[in-house]
file my_file.cif (mmCIF, C-alpha atoms)
data_start
loop_
_atom_site.label_atom_id
_atom_site.label_comp_id
_atom_site.auth_asym_id
_atom_site.auth_seq_id
_atom_site.Cartn_x
_atom_site.Cartn_y
_atom_site.Cartn_z
CA ILE L 79 0.00 0.00 0.00
CA MET L 80 1.36 3.40 -0.94
CA GLU L 81 2.40 5.47 2.07
CA LEU L 82 0.61 8.76 2.62
CA GLU L 83 3.72 10.86 1.91
CA GLU L 84 4.36 8.94 -1.32
CA MET L 85 0.76 9.50 -2.35
CA LYS L 86 1.13 13.22 -1.68
CA ASP L 87 4.21 13.37 -3.90
CA VAL L 88 2.50 11.45 -6.70
CA LEU L 89 -0.59 13.63 -6.55
CA GLN L 90 1.41 16.84 -6.43
CA ASP L 91 3.41 15.80 -9.51
CA LYS L 92 0.20 14.88 -11.28
CA VAL L 93 -1.29 18.36 -10.98
CA ARG L 94 1.83 20.08 -12.32
CA LEU L 95 1.57 21.18 -15.95
CA ALA L 96 4.68 21.24 -18.15
CA VAL L 97 5.47 24.91 -18.75
CA SER L 98 7.78 26.78 -21.10
CA VAL L 99 8.24 30.52 -21.65
CA ILE L 100 9.16 32.48 -24.78
CA GLY L 101 10.59 35.93 -24.15
CA ALA L 102 9.98 38.41 -27.00
CA GLY L 103 12.13 41.53 -27.12
CA ASN L 104 14.28 43.01 -24.36
CA ALA L 105 11.66 43.03 -21.59
CA GLY L 106 10.57 39.49 -22.44
CA GLY L 107 14.21 38.45 -22.39
CA GLN L 108 14.66 39.87 -18.91
CA VAL L 109 11.63 37.93 -17.67
CA ILE L 110 12.97 34.61 -18.96
CA ASN L 111 16.41 35.49 -17.63
CA HIS L 112 14.69 35.59 -14.24
CA LEU L 113 12.96 32.26 -14.91
CA PHE L 114 15.97 30.42 -16.36
CA GLY L 115 16.74 27.20 -14.54
CA LYS L 116 13.17 26.72 -13.40
CA TYR L 117 11.39 26.40 -16.74
CA PRO L 118 12.53 25.79 -20.33
CA VAL L 119 12.88 29.25 -21.89
CA PHE L 120 13.70 30.70 -25.30
CA ALA L 121 14.52 34.30 -26.29
CA VAL L 122 13.49 35.95 -29.56
CA ASN L 123 14.93 39.39 -30.25
CA SER L 124 16.08 41.74 -32.99
CA SER L 125 19.09 43.13 -31.12
CA ARG L 126 22.30 41.29 -30.38
CA LYS L 127 23.07 43.76 -27.58
CA ASP L 128 19.92 42.68 -25.71
CA LEU L 129 21.22 39.10 -25.77
CA ASP L 130 24.76 39.92 -24.64
CA ASP L 131 25.94 37.69 -21.78
CA ARG L 132 26.34 40.81 -19.65
CA VAL L 133 22.59 41.30 -19.99
CA MET L 134 21.24 37.75 -20.22
CA ASN L 135 22.46 34.32 -19.17
CA ASP L 136 24.50 33.00 -22.10
CA LYS L 137 23.00 29.53 -21.63
CA ILE L 138 19.55 30.73 -22.72
CA ASN L 139 18.67 29.58 -26.23
CA CYS L 140 17.88 32.50 -28.50
CA PHE L 141 16.99 33.54 -32.04
CA ILE L 142 17.64 36.89 -33.70
CA ILE L 143 15.09 38.06 -36.26
CA GLY L 144 16.30 40.00 -39.30
CA ASP L 145 19.80 40.14 -40.73
CA GLU L 146 21.40 43.07 -38.91
CA ALA L 147 20.71 42.44 -35.19
CA ARG L 148 20.44 46.18 -34.53
CA GLY L 149 16.96 46.25 -33.04
CA ALA L 150 13.62 47.59 -34.27
CA GLY L 151 13.90 51.19 -33.09
CA LYS L 152 10.72 50.87 -31.00
CA SER L 153 8.76 50.30 -34.22
CA ARG L 154 6.27 47.43 -34.28
CA ASP L 155 6.21 47.63 -38.08
CA VAL L 156 9.96 47.25 -38.40
CA ALA L 157 9.86 44.29 -36.00
CA LYS L 158 7.25 42.58 -38.20
CA ILE L 159 9.41 43.18 -41.29
CA LEU L 160 12.42 41.64 -39.51
CA LEU L 161 10.39 38.60 -38.47
CA LYS L 162 9.28 38.10 -42.08
CA LYS L 163 12.90 38.06 -43.25
CA ASN L 164 14.07 34.96 -41.41
CA GLY L 165 11.40 34.02 -38.87
CA ARG L 166 10.62 30.73 -40.59
CA LYS L 167 13.97 29.42 -39.37
CA LEU L 168 12.76 29.88 -35.79
CA PHE L 169 9.94 27.40 -36.40
CA GLU L 170 12.45 24.99 -37.91
CA ASN L 171 14.75 25.27 -34.88
CA ASN L 172 14.72 21.87 -33.15
CA VAL L 173 15.33 23.31 -29.68
CA PHE L 174 12.44 25.74 -30.06
CA THR L 175 9.97 23.23 -31.53
CA LYS L 176 10.83 20.53 -29.00
CA MET L 177 10.33 22.97 -26.14
CA VAL L 178 6.86 23.86 -27.43
CA GLU L 179 5.90 20.26 -28.19
CA ASP L 180 6.94 19.07 -24.72
CA SER L 181 4.83 21.73 -22.95
CA ASP L 182 1.24 21.79 -21.76
CA LEU L 183 1.34 25.57 -21.27
CA VAL L 184 3.43 27.95 -23.37
CA PHE L 185 3.71 31.53 -22.16
CA VAL L 186 4.82 34.30 -24.54
CA THR L 187 5.88 37.41 -22.68
CA GLY L 188 7.16 40.86 -23.61
CA ALA L 189 6.62 44.59 -23.31
CA MET L 190 3.62 45.98 -25.17
CA ALA L 191 5.09 49.46 -25.55
CA GLY L 192 8.31 48.78 -27.45
CA GLY L 193 9.09 47.57 -30.94
CA THR L 194 10.29 43.98 -31.04
CA GLY L 195 8.27 42.38 -28.23
CA SER L 196 5.14 44.35 -29.06
CA GLY L 197 5.42 43.68 -32.78
CA ILE L 198 6.32 40.00 -32.95
CA ALA L 199 4.62 38.44 -29.88
CA PRO L 200 1.15 38.54 -31.52
CA GLU L 201 2.61 37.12 -34.75
CA LEU L 202 4.41 34.29 -32.95
CA LEU L 203 1.23 33.41 -31.07
CA HIS L 204 -0.84 33.56 -34.25
CA LEU L 205 1.40 30.93 -35.85
CA LEU L 206 1.80 28.77 -32.74
CA VAL L 207 -1.94 28.59 -32.08
CA GLN L 208 -2.49 27.29 -35.62
CA MET L 209 0.44 24.90 -35.61
CA TYR L 210 -0.25 23.40 -32.17
CA PRO L 211 -4.03 23.56 -31.67
CA LYS L 212 -3.95 21.20 -28.67
CA LYS L 213 -1.50 23.34 -26.70
CA ILE L 214 -2.53 26.15 -24.38
CA PHE L 215 -0.83 29.44 -25.22
CA ILE L 216 -0.99 32.39 -22.83
CA TYR L 217 0.21 35.89 -23.59
CA VAL L 218 1.80 37.87 -20.75
CA GLY L 219 2.09 41.52 -21.71
CA ILE L 220 3.86 44.27 -19.79
CA LEU L 221 2.01 47.60 -19.83
CA PRO L 222 4.05 50.85 -19.82
CA LYS L 223 4.00 53.47 -17.13
CA VAL L 224 1.37 56.16 -17.65
CA SER L 225 4.21 58.68 -17.85
CA ASP L 226 5.82 56.82 -20.77
CA SER L 227 5.86 58.24 -24.30
CA TYR L 228 3.00 58.73 -26.71
CA GLN L 229 4.46 56.04 -28.95
CA ALA L 230 4.60 53.60 -26.03
CA GLN L 231 0.87 54.10 -25.39
CA ALA L 232 0.01 53.75 -29.10
CA ASN L 233 2.14 50.62 -29.48
CA THR L 234 0.38 49.15 -26.44
CA LEU L 235 -3.08 49.67 -27.93
CA GLN L 236 -2.08 48.14 -31.25
CA CYS L 237 -0.42 45.15 -29.60
CA TYR L 238 -3.43 44.62 -27.36
CA ASP L 239 -5.85 44.74 -30.28
CA GLU L 240 -3.91 42.01 -32.09
CA ILE L 241 -3.74 39.80 -28.99
CA VAL L 242 -7.49 40.07 -28.35
CA HIS L 243 -8.24 38.99 -31.92
CA LEU L 244 -6.39 35.73 -31.25
CA ASN L 245 -9.10 34.72 -28.75
CA ILE L 246 -6.62 33.25 -26.27
CA PRO L 247 -6.00 33.73 -22.53
CA TYR L 248 -3.84 36.74 -21.74
CA MET L 249 -2.38 38.37 -18.65
CA LEU L 250 -1.24 41.98 -18.26
CA ALA L 251 1.37 43.17 -15.77
CA ASP L 252 1.41 46.91 -15.16
CA LEU L 253 4.68 48.84 -14.80
CA ASP L 254 2.67 51.81 -13.53
CA TYR L 255 2.15 49.93 -10.26
CA PHE L 256 5.79 50.90 -9.66
CA ARG L 257 5.42 54.38 -11.13
CA ASP L 258 7.58 56.02 -8.45
CA LYS L 259 10.45 53.55 -8.91
CA PRO L 260 13.27 53.54 -11.50
CA ASN L 261 12.59 51.36 -14.54
CA ASP L 262 15.21 48.76 -13.70
CA TYR L 263 13.58 48.19 -10.32
CA ALA L 264 10.07 48.22 -11.83
CA TYR L 265 10.96 45.63 -14.48
CA GLY L 266 12.60 43.46 -11.83
CA GLU L 267 9.47 43.50 -9.68
CA ILE L 268 7.27 42.80 -12.70
CA ALA L 269 9.45 39.76 -13.49
CA LYS L 270 8.85 38.49 -9.95
CA HIS L 271 5.11 39.02 -10.33
CA ILE L 272 5.08 37.13 -13.62
CA GLU L 273 7.11 34.30 -12.08
CA GLN L 274 4.63 34.02 -9.19
CA SER L 275 1.73 33.88 -11.66
CA ILE L 276 3.41 31.23 -13.82
CA ASN L 277 4.29 29.19 -10.74
CA THR L 278 0.63 29.25 -9.72
CA LEU L 279 -0.72 28.27 -13.12
CA SER L 280 1.82 25.46 -13.47
CA GLY L 281 0.39 23.95 -10.28
CA GLU L 282 3.37 24.58 -8.00
CA TYR L 283 1.20 25.51 -5.01
CA LEU L 284 -1.37 22.74 -5.44
CA ASN L 285 -0.73 20.42 -2.52
CA TYR L 286 -2.46 17.19 -1.57
CA SER L 287 -5.83 17.75 0.04
CA ALA L 288 -8.60 15.46 1.22
CA SER L 289 -11.15 18.26 1.30
CA GLY L 290 -10.91 19.69 -2.19
CA MET L 291 -8.24 19.52 -4.85
CA ILE L 292 -7.61 21.17 -8.22
CA ASP L 293 -6.30 18.44 -10.50
CA GLU L 294 -4.51 18.79 -13.84
CA ASN L 295 -7.68 18.96 -15.92
CA ASP L 296 -9.23 21.47 -13.54
CA MET L 297 -6.24 23.74 -14.04
CA ARG L 298 -6.44 23.26 -17.80
CA VAL L 299 -10.02 24.51 -17.72
CA ILE L 300 -9.03 27.56 -15.70
CA VAL L 301 -6.02 28.58 -17.80
CA SER L 302 -7.45 27.84 -21.25
CA GLU L 303 -10.40 30.23 -20.93
CA PRO L 304 -10.00 33.00 -23.56
CA GLY L 305 -9.94 36.54 -22.22
CA TYR L 306 -8.20 38.39 -19.43
CA MET L 307 -6.71 36.30 -16.61
CA ALA L 308 -5.09 37.44 -13.37
CA VAL L 309 -3.49 35.78 -10.34
CA TYR L 310 -3.60 37.33 -6.86
CA THR L 311 -1.52 35.99 -3.97
CA VAL L 312 -1.75 36.88 -0.28
CA ASP L 313 1.16 35.36 1.65
CA GLN L 314 2.28 35.30 5.26
CA ILE L 315 -1.22 35.54 6.76
CA SER L 316 -1.30 34.80 10.48
CA GLN L 317 -4.13 33.62 12.72
CA ALA L 318 -4.26 37.15 14.13
CA ASP L 319 -4.81 38.49 10.60
CA VAL L 320 -7.64 36.02 10.04
CA ASP L 321 -9.20 37.06 13.36
CA LYS L 322 -9.20 40.70 12.23
CA LYS L 323 -11.10 40.23 8.98
CA PRO L 324 -12.06 37.51 6.48
CA ILE L 325 -9.54 36.21 3.97
CA GLN L 326 -11.81 37.39 1.18
CA ASP L 327 -11.25 40.98 2.28
CA TYR L 328 -7.48 40.54 1.91
CA LEU L 329 -7.98 39.09 -1.58
CA ILE L 330 -10.27 41.97 -2.57
CA GLU L 331 -7.60 44.43 -1.40
CA LYS L 332 -5.09 42.59 -3.57
CA ILE L 333 -7.42 42.81 -6.58
CA LYS L 334 -7.72 46.56 -6.05
CA LYS L 335 -3.97 47.07 -5.70
CA SER L 336 -1.79 44.67 -7.64
CA PRO L 337 0.79 44.61 -10.47
CA ALA L 338 -1.93 42.87 -12.50
CA ALA L 339 -3.91 45.34 -14.62
CA ALA L 340 -7.15 46.45 -12.96
CA ILE L 341 -10.15 44.31 -13.88
CA ALA L 342 -13.28 45.75 -15.48
CA ARG L 343 -15.57 44.62 -12.63
CA ASP L 344 -18.45 44.17 -15.07
CA GLY L 345 -19.48 40.84 -13.57
CA ALA L 346 -17.90 38.79 -16.36
CA VAL L 347 -15.77 36.01 -14.84
CA LYS L 348 -15.79 32.53 -16.36
CA GLN L 349 -13.49 30.54 -14.05
CA MET L 350 -12.31 31.10 -10.49
CA GLY L 351 -9.65 29.07 -8.70
CA ILE L 352 -8.96 29.27 -4.96
CA ILE L 353 -5.76 27.78 -3.53
CA VAL L 354 -5.36 27.70 0.24
CA ASN L 355 -2.26 26.44 2.08
CA CYS L 356 -2.59 27.12 5.80
CA PRO L 357 -1.97 25.68 9.28
CA GLU L 358 -4.59 23.39 10.76
CA GLU L 359 -5.79 25.91 13.33
CA MET L 360 -6.54 28.35 10.50
CA ALA L 361 -8.33 25.86 8.27
CA GLU L 362 -11.76 26.07 9.82
CA ALA L 363 -11.74 29.86 9.63
CA THR L 364 -11.00 29.81 5.90
CA LYS L 365 -12.64 26.66 4.57
CA THR L 366 -16.14 28.03 4.39
CA GLY L 367 -16.93 27.77 0.68
CA ASP L 368 -18.84 31.03 1.06
CA TYR L 369 -17.41 33.46 -1.50
CA SER L 370 -20.20 36.00 -1.32
CA SER L 371 -17.86 38.95 -0.70
CA LEU L 372 -15.64 38.05 -3.63
CA ILE L 373 -18.62 37.45 -5.89
CA GLU L 374 -20.09 40.81 -4.93
CA HIS L 375 -16.82 42.45 -5.98
CA ILE L 376 -15.99 40.54 -9.18
CA GLY L 377 -19.22 38.89 -10.32
CA ARG L 378 -20.46 35.30 -10.15
CA PRO L 379 -18.10 32.86 -11.92
CA TYR L 380 -19.35 30.12 -14.19
CA ALA L 381 -17.33 27.62 -12.14
CA ILE L 382 -15.29 27.66 -8.93
CA PHE L 383 -12.36 25.30 -8.30
CA GLU L 384 -10.97 24.90 -4.78
CA ASN L 385 -7.76 23.44 -3.36
CA TYR L 386 -7.38 23.39 0.44
CA SER L 387 -4.23 22.05 2.05
CA VAL L 388 -3.14 21.98 5.68
CA ASN L 389 0.58 22.61 6.23
CA ASN L 390 2.99 22.72 9.16
CA SER L 391 3.64 26.44 8.85
CA SER L 392 2.25 29.01 11.25
CA LEU L 393 1.32 31.24 8.30
CA GLY L 394 -1.21 30.87 5.50
CA GLN L 395 -1.04 31.37 1.74
CA PHE L 396 -4.15 32.28 -0.23
CA ILE L 397 -4.23 32.47 -4.03
CA LEU L 398 -7.03 33.60 -6.32
CA ILE L 399 -7.10 32.89 -10.08
CA LEU L 400 -9.67 34.63 -12.28
CA SER L 401 -9.99 33.88 -15.98
CA GLY L 402 -12.30 34.59 -18.89
CA MET L 403 -12.78 38.20 -17.85
CA SER L 404 -13.55 41.20 -20.04
CA ASP L 405 -10.90 43.64 -21.23
CA PRO L 406 -9.23 45.44 -18.30
CA ASP L 407 -10.86 48.69 -19.40
CA PRO L 408 -9.80 50.93 -16.49
CA ARG L 409 -6.14 50.60 -17.43
CA LEU L 410 -6.43 50.47 -21.21
CA LEU L 411 -8.65 53.54 -21.28
CA ILE L 412 -5.78 55.51 -19.79
CA CYS L 413 -3.59 54.54 -22.76
CA LYS L 414 -6.41 55.36 -25.17
CA ASN L 415 -7.08 58.76 -23.61
CA ILE L 416 -3.40 59.70 -23.82
CA VAL L 417 -3.29 58.72 -27.50
CA GLU L 418 -6.50 60.53 -28.40
CA LYS L 419 -5.86 63.70 -26.41
CA GLU L 420 -2.15 64.09 -26.99
CA LYS L 421 -1.82 63.05 -30.63
CA PRO L 422 1.23 64.83 -32.07
CA LYS L 423 0.63 67.56 -34.61
CA GLU L 424 0.51 66.37 -38.20
CA ARG L 425 3.90 66.25 -39.83
CA LYS L 426 5.58 64.68 -42.81
CA VAL L 427 7.21 61.37 -42.09
CA THR L 428 10.10 60.30 -44.30
CA SER L 429 10.97 56.90 -42.92
CA VAL L 430 10.69 53.28 -43.91
CA LEU L 431 7.20 53.31 -42.40
CA GLY L 432 5.86 55.79 -44.93
CA ASP L 433 3.10 58.22 -44.04
CA THR L 434 1.35 57.71 -40.72
CA SER L 435 -2.35 57.47 -40.02
CA GLN L 436 -3.77 55.90 -36.88
CA TYR L 437 -2.13 57.22 -33.68
CA GLY L 438 0.73 58.72 -35.67
CA MET L 439 1.99 55.47 -37.20
CA LYS L 440 1.00 52.97 -39.82
CA VAL L 441 -0.13 49.50 -38.84
CA ALA L 442 1.59 46.89 -41.02
CA ASP L 443 -0.66 44.89 -43.29
CA MET L 444 1.49 41.79 -43.20
CA GLY L 445 0.78 39.08 -40.72
CA LYS L 446 -2.73 40.29 -40.01
CA LEU L 447 -4.67 38.09 -37.67
CA VAL L 448 -7.23 37.09 -40.27
CA SER L 449 -7.99 33.63 -38.94
CA THR L 450 -7.61 31.65 -35.74
CA GLU L 451 -8.68 28.34 -37.24
CA SER L 452 -6.45 25.52 -36.08
CA SER L 453 -4.58 23.20 -38.43
CA GLU L 454 -6.85 20.40 -37.24
CA GLU L 455 -9.91 22.31 -38.36
CA THR L 456 -8.56 23.28 -41.78
CA GLY L 457 -6.46 20.23 -42.50
CA GLU L 458 -3.45 22.46 -43.12
CA THR L 459 0.01 21.19 -42.27
CA LYS L 460 2.50 23.12 -40.19
CA SER L 461 4.50 23.66 -43.35
CA SER L 462 1.59 25.19 -45.23
CA ILE L 463 0.83 27.49 -42.29
CA LEU L 464 4.40 28.76 -42.41
CA ASP L 465 4.27 29.01 -46.22
CA SER L 466 1.19 31.22 -46.08
CA PHE L 467 2.82 33.57 -43.57
CA PHE L 468 6.43 33.78 -44.73
CA ASN L 469 6.05 33.49 -48.53
#
call {"tool": "encode", "arguments": {"input": "my_file.cif", "output": "structure tokens"}}
result
Amino acid sequence: IMELEEMKDVLQDKVRLAVSVIGAGNAGGQVINHLFGKYPVFAVNSSRKDLDDRVMNDKINCFIIGDEARGAGKSRDVAKILLKKNGRKLFENNVFTKMVEDSDLVFVTGAMAGGTGSGIAPELLHLLVQMYPKKIFIYVGILPKVSDSYQAQANTLQCYDEIVHLNIPYMLADLDYFRDKPNDYAYGEIAKHIEQSINTLSGEYLNYSASGMIDENDMRVIVSEPGYMAVYTVDQISQADVDKKPIQDYLIEKIKKSPAAAIARDGAVKQMGIIVNCPEEMAEATKTGDYSSLIEHIGRPYAIFENYSVNNSSLGQFILILSGMSDPDPRLLICKNIVEKEKPKERKVTSVLGDTSQYGMKVADMGKLVSTESSEETGETKSSILDSFFN
């Protein structure tokens, strides 16, 4: 008969999903630099300087789009042109394809405000979703600070629009949460937030429980729901904290103030996951199954998944996962208002981009997200998908 501890180990391994992370552009590269050694990672960039071993771990596998390795100059259009030049080779790279094929969840992360990450992340996801229809792909975008440039806000809106048209799960981490901090500190904290979220969705904190457990297929349901997804973690909660006010109040505070972009609070939530790891004396105070306060704040989810685990610590950990939500309007409207109210005066543009139109720049026609049909649905092969994009 299997011992209890052995059974716990087996069950905990069972609920873990195989995860890999693709970092697009400089910011995406810094996130996977933070994650290296924990998950399989791969960097895609247009600048050799961003991949220098003084900036990133030289053991991280990488691919440089284009033929000059000089970057995209914060232009999404230039980044798309560079991807078109040699991007097919990325999808023929054995290390890259094996990493994707061996994963249950593939995260693609990068800044939304720049050139390379903002320009190519939607294109990479567009191709991956078609080529691997049974995989779950999740976009993790990094929003700029409100004080960032006009172009950064415009790039963000364009990137977001392309991601939404893919009809996949996406997460948004907001640099403006650290608005009073230098950028290097802010990006470092955002990387930690993204790591915590990926750890949660991979199943790292799902421990054995006799009173309610989120298994692998439960987590698949939660993370595969198209739309906005966010993870909120409240750590180091003591019995005294629980005596002061309900755990739900702490989670609501975290929803209101978090590096995750603010939710719309329009009542649209498809899936909700609750993960509780706490000492035995705290269990009865938290294991109520009554989420009325949360539901009043966020809306009634279609389904609720629960995982309660008693540990030997004196402190509790409480995690909330929300998926299938509407656009995070409160935050995106700030970007939109900046772009609409502060549009630069009309001027002649003599660059490779040609004349500008929407938001002071031209949106590239190539690689438009015209279809999200999978290769299984259309009968297309991976090769023909690549042919249609790169030829």
call {"tool": "residues_around", "arguments": {"input": "my_file.cif", "residues": "Asn164 (chain L)", "least_positions_apart": "2", "cutoff": "10 Å", "atoms": "only C-alpha atoms", "output": "ChimeraX atom specification"}}
result
/L:141-145,159-162,166-169,468
call {"tool": "resolve_selection", "arguments": {"input": "my_file.cif", "expression": "the PyMOL selection byres ((chain L and resi 120) around 9)", "output": "number ranges by chain"}}
result
L: 98-102, 107, 110, 118-119, 121-122, 138-141, 173-174, 177
call {"tool": "residues_around", "arguments": {"input": "my_file.cif", "residues": "region 396-402 of chain L", "least_positions_apart": "6", "cutoff": "9 Å", "atoms": "all atoms listed in the file", "output": "PDB file with C-alpha atoms, keeping the file's coordinate frame"}}
result
ATOM      1  CA  PRO L 247      -6.000  33.730 -22.530  1.00  0.00           C
ATOM      2  CA  TYR L 248      -3.840  36.740 -21.740  1.00  0.00           C
ATOM      3  CA  THR L 278       0.630  29.250  -9.720  1.00  0.00           C
ATOM      4  CA  LEU L 279      -0.720  28.270 -13.120  1.00  0.00           C
ATOM      5  CA  TYR L 283       1.200  25.510  -5.010  1.00  0.00           C
ATOM      6  CA  ILE L 300      -9.030  27.560 -15.700  1.00  0.00           C
ATOM      7  CA  VAL L 301      -6.020  28.580 -17.800  1.00  0.00           C
ATOM      8  CA  SER L 302      -7.450  27.840 -21.250  1.00  0.00           C
ATOM      9  CA  GLU L 303     -10.400  30.230 -20.930  1.00  0.00           C
ATOM     10  CA  PRO L 304     -10.000  33.000 -23.560  1.00  0.00           C
ATOM     11  CA  GLY L 305      -9.940  36.540 -22.220  1.00  0.00           C
ATOM     12  CA  TYR L 306      -8.200  38.390 -19.430  1.00  0.00           C
ATOM     13  CA  MET L 307      -6.710  36.300 -16.610  1.00  0.00           C
ATOM     14  CA  ALA L 308      -5.090  37.440 -13.370  1.00  0.00           C
ATOM     15  CA  VAL L 309      -3.490  35.780 -10.340  1.00  0.00           C
ATOM     16  CA  TYR L 310      -3.600  37.330  -6.860  1.00  0.00           C
ATOM     17  CA  THR L 311      -1.520  35.990  -3.970  1.00  0.00           C
ATOM     18  CA  VAL L 312      -1.750  36.880  -0.280  1.00  0.00           C
ATOM     19  CA  ASP L 313       1.160  35.360   1.650  1.00  0.00           C
ATOM     20  CA  GLN L 314       2.280  35.300   5.260  1.00  0.00           C
ATOM     21  CA  ILE L 315      -1.220  35.540   6.760  1.00  0.00           C
ATOM     22  CA  ILE L 325      -9.540  36.210   3.970  1.00  0.00           C
ATOM     23  CA  LEU L 329      -7.980  39.090  -1.580  1.00  0.00           C
ATOM     24  CA  ALA L 346     -17.900  38.790 -16.360  1.00  0.00           C
ATOM     25  CA  VAL L 347     -15.770  36.010 -14.840  1.00  0.00           C
ATOM     26  CA  LYS L 348     -15.790  32.530 -16.360  1.00  0.00           C
ATOM     27  CA  GLN L 349     -13.490  30.540 -14.050  1.00  0.00           C
ATOM     28  CA  MET L 350     -12.310  31.100 -10.490  1.00  0.00           C
ATOM     29  CA  GLY L 351      -9.650  29.070  -8.700  1.00  0.00           C
ATOM     30  CA  ILE L 352      -8.960  29.270  -4.960  1.00  0.00           C
ATOM     31  CA  ILE L 353      -5.760  27.780  -3.530  1.00  0.00           C
ATOM     32  CA  VAL L 354      -5.360  27.700   0.240  1.00  0.00           C
ATOM     33  CA  ASN L 355      -2.260  26.440   2.080  1.00  0.00           C
ATOM     34  CA  CYS L 356      -2.590  27.120   5.800  1.00  0.00           C
ATOM     35  CA  PRO L 379     -18.100  32.860 -11.920  1.00  0.00           C
TER      36      PRO L 379
END
call {"tool": "residues_near_point", "arguments": {"input": "my_file.cif", "point": "(-9.0, 32.6, 8.2)", "cutoff": "12 Å", "atoms": "all atoms listed in the file", "output": "PyMOL selection string"}}
result
chain L and resi 312+314-329+354-367+393-396
call {"tool": "closest_residue", "arguments": {"input": "my_file.cif", "among": "L:Phe256, L:Asn135, L:Gly193, L:Asn111", "to": "Gln229 (chain L)", "atoms": "all atoms listed in the file"}}
result
L:Gly193
call {"tool": "residues_around", "arguments": {"input": "my_file.cif", "residues": "region 291-298 of chain L", "least_positions_apart": "2", "cutoff": "9 Å", "atoms": "all atoms listed in the file", "output": "number ranges by chain"}}
result
L: 89-90, 92-95, 182-183, 214, 279-281, 284-289, 300-303, 351-353, 383-387
call {"tool": "closest_residue", "arguments": {"input": "my_file.cif", "among": "L:Ser124, L:Gln231, L:Thr175, L:Thr187", "to": "Lys419 (chain L)", "atoms": "only C-alpha atoms"}}
result
L:Gln231
call {"tool": "closest_residue", "arguments": {"input": "my_file.cif", "among": "L:Leu203, L:Tyr117, L:Lys176, L:Glu146", "to": "Lys163 (chain L)", "atoms": "only C-alpha atoms"}}
result
L:Glu146
call {"tool": "atom_distance", "arguments": {"input": "my_file.cif", "atom1": "CA of Arg126 (chain L)", "atom2": "CA of Leu205 (chain L)"}}
result
24.0 Å
call {"tool": "resolve_selection", "arguments": {"input": "my_file.cif", "expression": "the PyMOL selection byres ((chain L and resi 236-238) around 8)", "output": "list in words"}}
result
Met190, Ser196, Gly197, Pro200, Ala232, Asn233, Thr234, Leu235, Asp239, Glu240, Ile241, Val242 and Val441 of chain L
call {"tool": "atom_distance", "arguments": {"input": "my_file.cif", "atom1": "CA of Ala150 (chain L)", "atom2": "CA of Ser125 (chain L)"}}
result
7.7 Å
call {"tool": "atom_distance", "arguments": {"input": "my_file.cif", "atom1": "CA of Asn245 (chain L)", "atom2": "CA of Asp344 (chain L)"}}
result
19.1 Å
call {"tool": "residues_around", "arguments": {"input": "my_file.cif", "residues": "Glu273 (chain L)", "least_positions_apart": "5", "cutoff": "9 Å", "atoms": "only C-alpha atoms", "output": "VMD selection string"}}
result
chain L and resid 109 112 to 113 268 278
call {"tool": "write_last_selection", "arguments": {"input": "my_file.cif", "atoms": "C-alpha atoms", "output": "mmCIF file, in the coordinates of the input"}}
result
data_model
loop_
_atom_site.group_PDB
_atom_site.id
_atom_site.type_symbol
_atom_site.label_atom_id
_atom_site.label_comp_id
_atom_site.auth_asym_id
_atom_site.auth_seq_id
_atom_site.Cartn_x
_atom_site.Cartn_y
_atom_site.Cartn_z
ATOM 1 C CA VAL L 109 11.630 37.930 -17.670
ATOM 2 C CA HIS L 112 14.690 35.590 -14.240
ATOM 3 C CA LEU L 113 12.960 32.260 -14.910
ATOM 4 C CA ILE L 268 7.270 42.800 -12.700
ATOM 5 C CA THR L 278 0.630 29.250 -9.720
#
call {"tool": "residues_around", "arguments": {"input": "my_file.cif", "residues": "Lys152 (chain L)", "least_positions_apart": "5", "cutoff": "8 Å", "atoms": "only C-alpha atoms", "output": "PyMOL selection string"}}
result
chain L and resi 191-194
call {"tool": "closest_residue", "arguments": {"input": "my_file.cif", "among": "L:Ala105, L:Ile333, L:Ile412, L:Met403", "to": "Ile246 (chain L)", "atoms": "only C-alpha atoms"}}
result
L:Met403
call {"tool": "resolve_selection", "arguments": {"input": "my_file.cif", "expression": "the PyMOL selection byres ((chain L and resi 265) around 9)", "output": "PyMOL selection string"}}
result
chain L and resi 105+108-109+220+253+256+260-264+266-270
